[in-house]
Structure formats: C-alpha cells, structure tokens
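A short write-up of the structure that comes next.
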Amino acid sequence: PLTTADFFWMPEHDRKRGPNVLTTVASPHGFSPERLATLRALPPPLAFAAVPRPWVAVLIGGDGSSYAFKPEDMTRFAASLRSVAESGAGLLMTPSRRTPVALLSAIDRLTVDFPRFLWDGTGDNPYPAMLAHADHFIVTADSVNMCGEPAVTGRPIHVFAPSGGSANLYGGETIRG
C-alpha cells in the first residue's frame with residue numbers, strides 16, 4: 001500500500017499512483033551523468049581492445065512475464081547481431097540472469113567469427129564500462145531497466161522485441177521487433 005512509505009518513485013509502466021508517487025519513464029537507477037563521466041574517464045577494459053569501433057553494447061535479457069524468446073526469436077536476434085558485426089561494428093555483449101542458454105548459444109554460434117566480447121560471467125561485470133564506452137546499444141525489450149539505463153548516455157538505443165509484449169510497458173505501447 002502507498003501508506004507504507006512517505007515517497008515512492010515508480011516507472012510509468014507501474015500503474016501505482018498517488019500524492020506520494022513520482023513517476024518517470026524509466027526505473028530509478030544508479031547511472032547518473034556524473035557516474036558515467038567518472039566511468040568514461042577510466043580506460044575501457046582490456047577485453048574490449050580487440051573489438052573494432054563503433055562499439056555496440058548488446059544487453060541481453062530473457063523470458064519474463066510479458067516476453068518469451070521462442071526459437072524463431074532467438075534465431076532472428078542472433079542473425080541481427082551477426083548482421084551488425086558484418087557491417088564492421090564491434091559487439092560488446094552481456095547476458096542477464098534470465099538469458100536462456102539456448103539464446104546465448106545461438107548468439108555465440110552466429111557471432112563467433114567476428115571480433116567481439118561476450119561476457120561469460122567471470123571477472124568484473126563489464127556492464128558499467130559498456131554503458132560508459134559504447135557508441136550504440138541494442139537492448140532486448142523484456143526489461144524496462146535495461147532500456148532505461150543506457151538512455152542516460154544520450155547514445156542511440158535499438159530495441160529488439162521477442163514474442164509477446166504488454167500494453168503496460170513503454171507508455172502503453174507494445175514494442176514489436
């Protein structure tokens with residue numbers, strides 16, 4: 001209930017409203033312009049060095065309450081990433097906890113012939129460095145957070161929508177791939 005705290009900060013897709021509710025397009029997150037400036041002042045991870053520019057950070061989500069990666073979605077997404085790599089752009093890719101193994105395998109298989117970085121979950125999480133240094137973003141539509149965090153960078157964001165969708169996301173519009 002809205003009486004459990006004095007103030008709530010909610011993304012627009014959450015329908016809670018009240019005098020103590022502030023709504024914004026994206027969810028609150030910790031990537032302020034100041035934090036990004038600090039991260040940009042640091043050199044990118046060495047693992048990015050072999051990847052050609054422009055750098056396209058690929059933020060890979062997974063199945064959720066509104067979207068599901070069907071086999072045809074996995075193939076379409078992986079093929080799209082291969083097309084980006086074929087154009088000469090470098091892929092900096094990171095999965096989320098919800099990324100299906102089959103999706104990650106399809107991406108790996110179709111991009112392995114290109115210089116790329118695909119985080120395997122070991123070592124420091126490259127996500128903050130990707131936000132700071134990427135020239136473009138490709139984000140799966142299943143996460144408002146993964147779309148909102150790169151928005152603060154001011155860099156282009158391309159959204160891939162797997163099967164499904166919800167009118168509750170993205171201001172009442174269902175994003176289609």
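Residue numbering restarts at 1 in every chain; chains get A, B, ... in the order shown in the structure tokens, and ligands count up from 1 in that same order.
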
(Q) Can you tell me which residues surround range 18-23 of chain A at a distance of at most 6 Å, considering only C-alpha atoms, apart from same-chain residues fewer than 3 positions away, and format the answer as a list in words? (A)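 Using only C-alpha atoms, the neighbours found are Phe7, Phe8, Trp9, Met10, Pro11 and Glu12 of chain A.
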
Store the residues picked out above, limited to C-alpha atoms, as an mmCIF file, in the first residue's frame.
```
data_model
loop_
_atom_site.group_PDB
_atom_site.id
_atom_site.type_symbol
_atom_site.label_atom_id
_atom_site.label_comp_id
_atom_site.auth_asym_id
_atom_site.auth_seq_id
_atom_site.Cartn_x
_atom_site.Cartn_y
_atom_site.Cartn_z
ATOM 1 C CA PHE A 7 7.540 8.652 -1.030
ATOM 2 C CA PHE A 8 7.544 6.199 -3.952
ATOM 3 C CA TRP A 9 9.448 6.534 -7.225
ATOM 4 C CA MET A 10 7.841 4.348 -9.884
ATOM 5 C CA PRO A 11 8.367 3.839 -13.594
ATOM 6 C CA GLU A 12 5.353 4.810 -15.715
#
```

Q: Assign secondary structure with DSSP using the backbone only, and return the residues of chain A in strand (DSSP E) as an MDAnalysis selection string.
A: chainID A and resid 8:11 21:24 55:60 67:68 90:95 116:118 136:140 157:160 163:164

Q. In terms of the shortest atom-to-atom distance over only C-alpha atoms, which of A:Tyr67, A:Phe48, A:Phe114, A:Trp55 is closest to Arg82 in chain A?
A.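 Closest to Arg82 in chain A of all the choices is A:Phe114.
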
Q | Polymer residues at most 10 Å from range 99-110 of chain A, only C-alpha atoms, same-chain spacing of 6 or more positions, as JSON, numbers by chain | A | {"A": [59, 60, 61, 62, 63, 64, 68, 69, 70, 71, 73, 74, 75, 76, 77, 78, 79, 80, 81, 82, 83, 85, 93, 116, 118, 120]}

Q: Would you please give, as a PyMOL selection string, all residues of range 15-149 of chain A that DSSP assigns to alpha helix (DSSP H) based on the backbone?
A: chain A and resi 33-41+71-86+101-111+127-133+144-149

Q. Nearest to Asn145 in chain A: which of A:Leu91, A:Arg40, A:Ser96, A:Pro45 is it, counting only C-alpha atoms?
A.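 Using only C-alpha atoms, Asn145 in chain A sits closest to A:Ser96.
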
Restrict the calculation to only C-alpha atoms, then for each residue of range 18-53 of chain A with any atom at most 10 Å from an atom of range 132-136 of chain A give the closest atom pair and their distance in Å to one decimal, rows by chain and rising residue number, as CSV.
```
residue,atom,partner,partner_atom,distance
A:Phe31,CA,A:Ala132,CA,9.4
A:Pro33,CA,A:Ala132,CA,9.8
A:Arg35,CA,A:Ala132,CA,8.9
A:Leu36,CA,A:Ala132,CA,5.5
A:Ala37,CA,A:Ala132,CA,7.5
A:Thr38,CA,A:Ala132,CA,8.7
A:Leu39,CA,A:Ala132,CA,5.8
A:Arg40,CA,A:Ala132,CA,5.2
A:Ala41,CA,A:Ala132,CA,8.9
A:Leu42,CA,A:Ala132,CA,9.2
A:Pro43,CA,A:His133,CA,9.0
A:Pro44,CA,A:His133,CA,6.9
A:Pro45,CA,A:His133,CA,9.8
A:Phe48,CA,A:His133,CA,9.8
A:Arg53,CA,A:Asp135,CA,8.1
```

Q: For Pro52 in chain A, list every protein, DNA or RNA residue within 8 Å, evaluated using only C-alpha atoms, and leave out those in the same chain fewer than 5 positions away; present the list as a list in words.
A: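 Everything that qualifies: Gly88, Ala89, Gly90 and Pro115 of chain A.
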